[in-house]
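Peer 1: Below you'll find the structure I mean.
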Amino acid sequence: MITDLKDKISTVQATLTVASTIIGVGILTLPRTVTEAMGTPDAWMAVLLGGMIAMAAGYVLIKLNEKFPEKTFYQYSELIVGRFLGRVFSLLLILHFALFAGFEVRMLAELVRTYLLHKTPIELIVITFLGAGIYLVVGGVNPLVRLLEAHFPIIIFLAAVIVSLSFREVELENLRPVLAKGLKPLVKGIKATTLSYTGYESMLILTAFMKKRHQAVKTILVGVGIPMILYTVIVIVAVGALTVEEVKTLTWPLATLSVEIELPGGIIERFEVVFIVLWILIIYTSFVVPYYLSGLGLGQIFKRDINSFMYGLLLVIYLVAMVPPDINTVFKLGDLIGYTGLAAGGLVPFILLGVASIRGINDEKN
Amino acid sequence: MFRWLKKNKKEKKQNQSINLFNEQYIRLSKNLNDNLKLINKLIGHSPDVVIRSFKMGSSKLEVAIVYIDGLTDETTINEQIMKSVMLEFPKIEANVNKLAIKDKMKETIIAIAKTRTVETVEDCVLPILSGSAAFFIDGSSEALVLSVPGWEKRNIQEPSSEPTVRGPRDGFVETLRDNIVHLRRRIRDPNFTIIEYKMGRRSKADLALIYIKGLTNEDLVNEIRRRVERIDMDMVLGSGYVEQLIEDNFLSPFPQMIITERPDKAVGALMDGFVVLILDNTPFALIVPATLPMFIQAPEDYYERWAYSSLVRVLRYFFAFIALFLPSLYVALVSFHQGLIPTRLMISIAAGREGVPFPSLIEAFIMEVTLEILREAGVRLPKPIGQAVGIVGGLVIGEAAVQANIVSPIMVVVVALTGISSFALPQYSMGIAIRMIRFVMMILGGTLGLYGIMLGYIMINVHLVKLKSFGVNYMAPFVPYRLKDWKDLIIRAPMMAMKQRPQMIKTQDKYRKDPEE
């Protein structure tokens with residue numbers, strides 16, 4: 001099983017893969033990162049616009065994929081710009097995915113340490129989570145997307161609970177004035193959202209697995225659209241309930257938001273812990289997809305069994321997760337991933353599409 | 001996965017010289033005495049084998065009958081065979097051709113409906129061992145096999161492992177033919193199809209593979225046939241043997257087919273496009289393939305009205321959740337996340353735990369193991385004593401353990417609730433799986449708190465999405481999403497809404513009723 005492109009996934013599965021790769025730990029810090037960059041209550045506009053930009057970038061990479069319907073990015077990049085440069089681009093994408101997976105694991109470990117297990121060594125949390133990851137990714141793409149399907153309703157459920165229970169706290173006054181300082185902060189804000197939308201570039205590979213490839217554009221629009229709506233609502237609720245000044249200072253604004261929530265009847269105290277616990281499932285989904293895609297990439301470039309690369313990547317992801325000494329460095333790593341995502345998922349496909357169109361390369365000619 | 005089975009196959013080739021009947025393909029000879037000697041050599045060493053030779057009426061023609069005492073109905077043999085042959089034969093014209101006599105016998109003398117003419121020794125010996133009588137005529141190289149089964153069998157009773165309040169009271173018994181009758185009486189469809197196999201090199205038990213031709217997915221039937229044909233064992237005693245030899249993943253704790261004693265459940269499955277396997281000598285039929293939600297469903301869901309059935313089903317999912325997670329959640333909350341428990345409840349828990357010397361994980365283990373001991377003891381003992389054990393164990397030990405400060409009272413509540421919930425699931429085999437995983441979850445909850453429980457939940461989920469039962473995803477129709485099947489998943493939609501058979505097993509006939517209606 002070198003490429004295992006025989007496995008096919010449905011349009012719904014591909015859409016959910018994109019959405020659940022994007023929705024991960026980013027949403028927990030998004031209200032802070034955006035308001036920090038902007039300093040105005042218009043953060044939700046930046047989130048909305050950031051999503052549209054991600055959709056546009058996604059559209060470009062789908063157009064690129066359409067030239068090589070049977071192949072993944074790792075396979076066709078060599079055809080467009082030659083063996084060396086193609087491999088560099090592929091390795092950039094693989095590196096990006098590995099960093100992404102490591103980042104998700106580390107953020108999970110930080111969350112668990114903050115909210116659940118204060119004394120447990122972080123290594124243990126990271127290793128156990130990696131163990132749960134390898135168990136899934138060695139099964140191939142089909143169990144992977146089925147697991148995403150199984151976990152996806154939890155996103156909707158949790159978002160619905162948080163939004164509906166904290167909506168009464170929202171005060172419109174906190175969201176005004178609109179665009180008081182002009183458009184300049186908006187540009188900064190959009191830049192700050194890039195990390196949150198990282199994950200759409202998984203479509204560079206996923207299209208090759210799709211049963212109905214002509215629906216790929218729909219897939220990426222809906223796949224980015226779900227997080228876009230979710231993010232916008234969450235940012236509106238967070239800023240509206242907590243005010244810009246407070247959101248800016250919170251490490252985990254979404255968790256703080258859910259502190260305010262009291263479940264009727266007082267069954268559970270401290271709802272934010274319940275929220276974090278259930279969100280582990282969502283972090284897991286946005287960790288396994290990049291993990292699988294990076295292993296698949298190594299397998300396809302070096303034409304070996306992908307599962308041995310999966311085991312090798314465990315060490316890489318472990319190191320990525322363990323290298324940052326403190327949480328601020330972890331957030332810096334997050335910014336870096338935003339940029340590698342922009343490079344690997346935005347710039348490179350754009351260049352490749354240009355080169356391929358000019359040179360007139362597509363799958364039929366090769 | 002079936003590597004070890006393949007290995008078995010290799011060994012089979014080497015062992016081919018070990019044969020049960022060395023003479024199996026020898027044809028019967030024309031000489032009666034030779035045939036009887038051969039039969040005698042093969043099976044005559046046991047005292048219950050009856051070999052009786054006699055003369056046909058007043059003629060000189062030698063005939064013989066061979067059967068096993070107890071397996072056959074002696075009255076039928078005496079009245080319908082011996083008496084007819086000895087007394088009726090002289091009434092027929094005397095000068096019949098010796099070769100034609102055999103046919104004459106079937107037509108005019110032997111009053112048995114199910115007869116068969118055989119030519120080899122094997123075809124002759126196996127029916128004798130299964131409860132037929134063989135009739136030999138001197139001068140004929142063929143024998144008549146007469147079906148005269150007459151062994152003692154259990155009467156039809158209410159299925160003790162799956163009783164229902166509203167639903168038929170008849171259950172499967174140990175006789176294959178009777179069990180198939182149960183199904184036939186409920187399905188008068190000419191497409192009702194049975195394929196029979198002989199299971200086990202020495203036991204030669206009959207296994208019936210039943211499906212509805214033109215409705216069931218042919219690929220599924222072929223896959224099951226392929227796996228059943230590959231079974232190689234010297235004996236196949238119960239349907240559990242078949243289950244373990246054809247299931248997809250023998251390492252999984254989850255059962256991969258439904259086991260039922262209820263004919264109505266088997267018929268429901270057949271009509272939905274599933275395949276039913278029934279083995280002789282066991283009252284448990286297998287329904288294949290099976291997916292996780294099927295273990296939460298009970299036949300009564302369809303007999304009661306839909307709203308009530310839906311409610312009960314939702315409750316069952318809740319029971320499954322309690323049975324799987326409650327002790328581990330309790331342990332995790334008490335030992336790691338006391339802040340999550342409402343303050344007043346936490347105070348009473350702490351008060352109950354005061355004086356208990358063990359950490360809550362050990363406490364939970366003590367109680368859970370006690371529960372398992374009580375359950376196992378109750379199952380193995382005779383019924384009246386079993387009940388006594390339940391009372392002594394449940395009341396006395398529970399109460400005394402709390403008094404002695406070995407466990408806290410709330411732990412007794414948790415364990416009792418967990419135990420009852422796991423027995424409230426309609427499929428016993430799923431209860432077993434959940435009980436096993438519960439212990440793992442308790443360890444995870446006791447060491448890594450809620451994070452450990454989520455980790456365990458993720459691992460279970462990963463295992464479930466990887467698992468397949470005969471090519472059908474074990475989590476279907478939850479994932480992959482098959483929204484049309486969700487009508488009969490967590491809720492049970494009203495009867496008229498259930499137009500389609502389950503999509504997940506890709507039946508040939510997709511509709512239960514006219515889809516245009």
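Going by the structure tokens order, chains are called A, B, ..., each with residues numbered from 1, while ligands are numbered from 1 in the order shown.
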Listing only residues of chain B within 12 Å of chain A, what is the closest atom pair and its distance in Å (to one decimal) for each, using only C-alpha atoms, sorted by chain and residue number ascending, as a tab-separated table?
Peer 2:
residue	atom	partner	partner_atom	distance
B:Ala332	CA	A:Leu116	CA	10.3
B:Leu333	CA	A:Leu116	CA	10.3
B:Ser335	CA	A:Leu117	CA	10.8
B:Phe336	CA	A:Leu117	CA	7.3
B:His337	CA	A:Leu116	CA	7.1
B:Gln338	CA	A:Glu269	CA	9.8
B:Gly339	CA	A:Glu269	CA	7.1
B:Leu340	CA	A:Glu269	CA	4.9
B:Ile341	CA	A:Ile268	CA	6.1
B:Pro342	CA	A:Glu269	CA	5.6
B:Thr343	CA	A:Glu269	CA	8.3
B:Arg344	CA	A:Gly266	CA	10.6
B:Leu345	CA	A:Ile267	CA	9.8
B:Met346	CA	A:Glu269	CA	11.0
B:Leu444	CA	A:Thr128	CA	11.0
B:Gly445	CA	A:Leu117	CA	11.6
B:Gly446	CA	A:Leu117	CA	11.8
B:Thr447	CA	A:Thr120	CA	9.6
B:Leu448	CA	A:Leu117	CA	7.4
B:Gly449	CA	A:Leu117	CA	7.3
B:Leu450	CA	A:Val277	CA	6.9
B:Tyr451	CA	A:Val277	CA	6.8
B:Gly452	CA	A:Thr128	CA	8.9
B:Ile453	CA	A:Val277	CA	9.2
B:Met454	CA	A:Val277	CA	7.1
B:Leu455	CA	A:Ala132	CA	7.1
B:Gly456	CA	A:Ala132	CA	8.7
B:Tyr457	CA	A:Leu281	CA	8.9
B:Ile458	CA	A:Leu281	CA	7.1
B:Met459	CA	A:Ala132	CA	6.1
B:Ile460	CA	A:Ala132	CA	9.9
B:Asn461	CA	A:Leu147	CA	7.0
B:Val462	CA	A:Leu136	CA	5.9
B:His463	CA	A:Leu136	CA	8.0
B:Leu464	CA	A:Leu147	CA	8.8
B:Val465	CA	A:Pro143	CA	5.4
B:Lys466	CA	A:Pro143	CA	5.2
B:Leu467	CA	A:Pro143	CA	8.6
B:Lys468	CA	A:Pro143	CA	10.2
B:Asn473	CA	A:Arg146	CA	9.4
B:Tyr474	CA	A:Arg146	CA	10.8
B:Met475	CA	A:Arg146	CA	8.8
B:Ala476	CA	A:Arg146	CA	9.8
B:Pro477	CA	A:Ala150	CA	10.7
B:Phe478	CA	A:Ala150	CA	7.3
B:Val479	CA	A:Arg146	CA	5.9
B:Pro480	CA	A:Arg146	CA	5.8
B:Tyr481	CA	A:Glu149	CA	7.5
B:Arg482	CA	A:Val12	CA	10.9
B:Leu483	CA	A:Val12	CA	11.8
Peer 1: For Thr72 in chain A, find every residue with an atom within 7 Å (counting only C-alpha atoms), except residues of its own chain fewer than 4 positions away, and show them as an mmCIF file with N, CA and C atoms, in the first residue's frame.
Peer 2:
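Output contents, as saved in part-v7.cif:
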data_model
loop_
_atom_site.group_PDB
_atom_site.id
_atom_site.type_symbol
_atom_site.label_atom_id
_atom_site.label_comp_id
_atom_site.auth_asym_id
_atom_site.auth_seq_id
_atom_site.Cartn_x
_atom_site.Cartn_y
_atom_site.Cartn_z
ATOM 1 N N TYR A 76 1.929 15.482 -8.133
ATOM 2 C CA TYR A 76 1.948 16.328 -9.334
ATOM 3 C C TYR A 76 2.890 17.523 -9.243
ATOM 4 N N LEU A 204 -5.555 19.915 -0.894
ATOM 5 C CA LEU A 204 -4.526 19.637 -1.904
ATOM 6 C C LEU A 204 -4.372 18.138 -2.103
ATOM 7 N N ILE A 205 -4.587 17.392 -1.058
ATOM 8 C CA ILE A 205 -4.408 15.942 -1.125
ATOM 9 C C ILE A 205 -5.749 15.231 -1.208
ATOM 10 N N ALA A 208 -7.890 13.949 -4.405
ATOM 11 C CA ALA A 208 -7.543 12.709 -5.095
ATOM 12 C C ALA A 208 -8.332 11.524 -4.552
#
Peer 1: So how far away is CA of Ile26 in chain B from CA of Ala208 in chain B, in Å?
Peer 2: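 CA of Ile26 in chain B lies at a distance of 28.1 Å from CA of Ala208 in chain B.
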Peer 1: Write out as a PyMOL selection string each polymer residue whose atoms come within 7 Å of range 308-310 of chain A, counting only C-alpha atoms; drop sequence neighbours fewer than 6 positions from it.
Peer 2: chain A and resi 295+298-299
Peer 1: Suppose you want the space between CA of Ile259 in chain B and CA of Val181 in chain B; what is it in Å?
Peer 2: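 Computing it gives 18.6 Å between the two atoms.
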Peer 1: Which of range 4-192 of chain A counts as alpha helix (DSSP H) under DSSP, as a PyMOL selection string please?
Peer 2: chain A and resi 11-22+26-38+43-67+73-81+83-115+122-137+141-166+184-192
Peer 1: Which neighbours of Gly378 in chain B fall inside 9 Å, counting only C-alpha atoms, when residues of the same chain fewer than 3 positions from it are skipped, and could you give them as a list in words?
Peer 2: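 Contacts, with the query itself left out: Ile373, Leu374, Arg375, Leu381, Pro382, Lys383, Ile385, Gly386, Gln387, Ala388, Val389 and Gly390 of chain B.
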Peer 1: Please measure the separation of CA of Trp44 in chain A and CA of Ala241 in chain A, giving the value in Å to one decimal.
Peer 2: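 Separation of CA of Trp44 in chain A and CA of Ala241 in chain A: 13.4 Å.
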Peer 1: Which residue, A:Leu16, A:Leu92, A:Leu315, A:Thr329, has the smallest gap to Ile127 in chain A when you use only C-alpha atoms?
Peer 2: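 Looking only at the distances to Ile127 in chain A, the closest residue turns out to be A:Leu315.
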Peer 1: Find the residues near range 505-511 of chain B: any atom within 8 Å, counting only C-alpha atoms, skip ones fewer than 5 places away on the same chain, and give them as a PDB file with all heavy atoms, in the first residue's frame.
Peer 2:
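After the write, out06.pdb holds the following:
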ATOM      1  N   GLY B 214     -32.895 -12.699  -4.019  1.00  0.00           N
ATOM      2  CA  GLY B 214     -33.465 -11.550  -4.721  1.00  0.00           C
ATOM      3  C   GLY B 214     -33.662 -10.354  -3.818  1.00  0.00           C
ATOM      4  O   GLY B 214     -33.990  -9.283  -4.285  1.00  0.00           O
ATOM      5  N   LEU B 215     -33.468 -10.548  -2.517  1.00  0.00           N
ATOM      6  CA  LEU B 215     -33.595  -9.429  -1.589  1.00  0.00           C
ATOM      7  C   LEU B 215     -32.227  -9.150  -0.977  1.00  0.00           C
ATOM      8  O   LEU B 215     -31.723  -8.043  -1.005  1.00  0.00           O
ATOM      9  CB  LEU B 215     -34.614  -9.794  -0.505  1.00  0.00           C
ATOM     10  CG  LEU B 215     -35.078  -8.737   0.482  1.00  0.00           C
ATOM     11  CD1 LEU B 215     -36.382  -9.188   1.118  1.00  0.00           C
ATOM     12  CD2 LEU B 215     -34.094  -8.454   1.568  1.00  0.00           C
ATOM     13  N   THR B 216     -31.604 -10.216  -0.473  1.00  0.00           N
ATOM     14  CA  THR B 216     -30.318 -10.071   0.190  1.00  0.00           C
ATOM     15  C   THR B 216     -29.222  -9.783  -0.829  1.00  0.00           C
ATOM     16  O   THR B 216     -29.274 -10.278  -1.958  1.00  0.00           O
ATOM     17  CB  THR B 216     -29.995 -11.365   0.942  1.00  0.00           C
ATOM     18  OG1 THR B 216     -31.151 -11.763   1.657  1.00  0.00           O
ATOM     19  CG2 THR B 216     -28.860 -11.163   1.915  1.00  0.00           C
ATOM     20  N   ASN B 217     -28.284  -8.969  -0.412  1.00  0.00           N
ATOM     21  CA  ASN B 217     -27.122  -8.655  -1.236  1.00  0.00           C
ATOM     22  C   ASN B 217     -26.325  -9.930  -1.530  1.00  0.00           C
ATOM     23  O   ASN B 217     -25.873 -10.614  -0.613  1.00  0.00           O
ATOM     24  CB  ASN B 217     -26.276  -7.650  -0.443  1.00  0.00           C
ATOM     25  CG  ASN B 217     -25.074  -7.176  -1.202  1.00  0.00           C
ATOM     26  OD1 ASN B 217     -24.783  -7.685  -2.282  1.00  0.00           O
ATOM     27  ND2 ASN B 217     -24.393  -6.210  -0.641  1.00  0.00           N
ATOM     28  N   ASP B 272     -34.934  -7.747   6.461  1.00  0.00           N
ATOM     29  CA  ASP B 272     -34.155  -6.524   6.269  1.00  0.00           C
ATOM     30  C   ASP B 272     -32.943  -6.759   5.382  1.00  0.00           C
ATOM     31  O   ASP B 272     -32.171  -5.846   5.126  1.00  0.00           O
ATOM     32  CB  ASP B 272     -33.686  -5.977   7.627  1.00  0.00           C
ATOM     33  CG  ASP B 272     -34.758  -5.125   8.276  1.00  0.00           C
ATOM     34  OD1 ASP B 272     -35.755  -4.847   7.604  1.00  0.00           O
ATOM     35  OD2 ASP B 272     -34.601  -4.751   9.443  1.00  0.00           O
ATOM     36  N   GLY B 273     -32.738  -8.015   4.959  1.00  0.00           N
ATOM     37  CA  GLY B 273     -31.627  -8.297   4.071  1.00  0.00           C
ATOM     38  C   GLY B 273     -30.412  -8.881   4.760  1.00  0.00           C
ATOM     39  O   GLY B 273     -29.331  -8.926   4.184  1.00  0.00           O
ATOM     40  N   PHE B 274     -30.578  -9.324   5.985  1.00  0.00           N
ATOM     41  CA  PHE B 274     -29.466  -9.969   6.668  1.00  0.00           C
ATOM     42  C   PHE B 274     -29.495 -11.465   6.399  1.00  0.00           C
ATOM     43  O   PHE B 274     -30.467 -12.000   5.863  1.00  0.00           O
ATOM     44  CB  PHE B 274     -29.549  -9.718   8.184  1.00  0.00           C
ATOM     45  CG  PHE B 274     -29.307  -8.289   8.560  1.00  0.00           C
ATOM     46  CD1 PHE B 274     -30.340  -7.369   8.516  1.00  0.00           C
ATOM     47  CD2 PHE B 274     -28.058  -7.858   8.935  1.00  0.00           C
ATOM     48  CE1 PHE B 274     -30.125  -6.040   8.848  1.00  0.00           C
ATOM     49  CE2 PHE B 274     -27.834  -6.534   9.267  1.00  0.00           C
ATOM     50  CZ  PHE B 274     -28.872  -5.628   9.223  1.00  0.00           C
ATOM     51  N   VAL B 472     -19.453  -4.513   6.205  1.00  0.00           N
ATOM     52  CA  VAL B 472     -20.303  -3.402   6.632  1.00  0.00           C
ATOM     53  C   VAL B 472     -19.616  -2.712   7.801  1.00  0.00           C
ATOM     54  O   VAL B 472     -19.155  -3.370   8.729  1.00  0.00           O
ATOM     55  CB  VAL B 472     -21.690  -3.918   7.068  1.00  0.00           C
ATOM     56  CG1 VAL B 472     -22.558  -2.773   7.551  1.00  0.00           C
ATOM     57  CG2 VAL B 472     -22.359  -4.649   5.930  1.00  0.00           C
ATOM     58  N   LYS B 499     -40.146   3.071   4.994  1.00  0.00           N
ATOM     59  CA  LYS B 499     -40.407   2.517   3.668  1.00  0.00           C
ATOM     60  C   LYS B 499     -39.251   1.667   3.173  1.00  0.00           C
ATOM     61  O   LYS B 499     -39.428   0.773   2.372  1.00  0.00           O
ATOM     62  CB  LYS B 499     -40.628   3.659   2.679  1.00  0.00           C
ATOM     63  CG  LYS B 499     -41.918   4.399   2.901  1.00  0.00           C
ATOM     64  CD  LYS B 499     -42.020   5.556   1.925  1.00  0.00           C
ATOM     65  CE  LYS B 499     -43.199   6.424   2.317  1.00  0.00           C
ATOM     66  NZ  LYS B 499     -43.130   7.753   1.705  1.00  0.00           N
ATOM     67  N   GLN B 500     -38.059   2.012   3.623  1.00  0.00           N
ATOM     68  CA  GLN B 500     -36.885   1.372   3.031  1.00  0.00           C
ATOM     69  C   GLN B 500     -36.233   0.389   3.980  1.00  0.00           C
ATOM     70  O   GLN B 500     -36.261   0.571   5.189  1.00  0.00           O
ATOM     71  CB  GLN B 500     -35.860   2.449   2.664  1.00  0.00           C
ATOM     72  CG  GLN B 500     -36.294   3.268   1.490  1.00  0.00           C
ATOM     73  CD  GLN B 500     -35.219   4.229   1.070  1.00  0.00           C
ATOM     74  OE1 GLN B 500     -34.490   4.750   1.899  1.00  0.00           O
ATOM     75  NE2 GLN B 500     -35.116   4.462  -0.213  1.00  0.00           N
TER      76      GLN B 500
END
Peer 1: How close does range 276-358 of chain B get to range 427-440 of chain B? List, as a tab-separated table, each residue of range 276-358 of chain B within 8 Å, its nearest atom pair and the distance in Å to one decimal, counting only C-alpha atoms.
Peer 2:
residue	atom	partner	partner_atom	distance
B:Phe295	CA	B:Gln427	CA	5.6
B:Ile296	CA	B:Gln427	CA	7.1
B:Ala320	CA	B:Ile434	CA	7.7
B:Ala323	CA	B:Ile434	CA	6.8
B:Leu324	CA	B:Arg438	CA	5.1
B:Phe325	CA	B:Arg438	CA	6.7
B:Pro327	CA	B:Arg438	CA	7.8
B:Ser328	CA	B:Arg438	CA	7.5
Peer 1: Which residues are close to Asp189 in chain B, i.e. within 12 Å by only C-alpha atoms, leaving aside same-chain residues fewer than 6 positions away? Reply as a PyMOL selection string.
Peer 2: chain B and resi 183+211-215+267+270-271
Peer 1: Contacts of range 492-495 of chain B at 7 Å or less, counting only C-alpha atoms, minus same-chain residues fewer than 6 places along, as a PyMOL selection string?
Peer 2: chain B and resi 306+309-310
Peer 1: Write to file, as a short mmCIF file (atom, residue, chain, number, x, y, z; two decimals), in the first residue's frame, the residues of the selection just made, with N, CA, C and O atoms.
Peer 2:
data_model
loop_
_atom_site.label_atom_id
_atom_site.label_comp_id
_atom_site.auth_asym_id
_atom_site.auth_seq_id
_atom_site.Cartn_x
_atom_site.Cartn_y
_atom_site.Cartn_z
N TRP B 306 -44.71 3.48 18.40
CA TRP B 306 -43.40 4.04 18.09
C TRP B 306 -42.88 5.02 19.14
O TRP B 306 -41.69 5.06 19.43
N SER B 309 -41.45 3.11 22.01
CA SER B 309 -40.23 2.42 21.59
C SER B 309 -39.07 3.39 21.47
O SER B 309 -37.95 3.08 21.87
N SER B 310 -39.34 4.57 20.92
CA SER B 310 -38.27 5.56 20.76
C SER B 310 -37.73 5.97 22.12
O SER B 310 -36.52 6.05 22.32
#
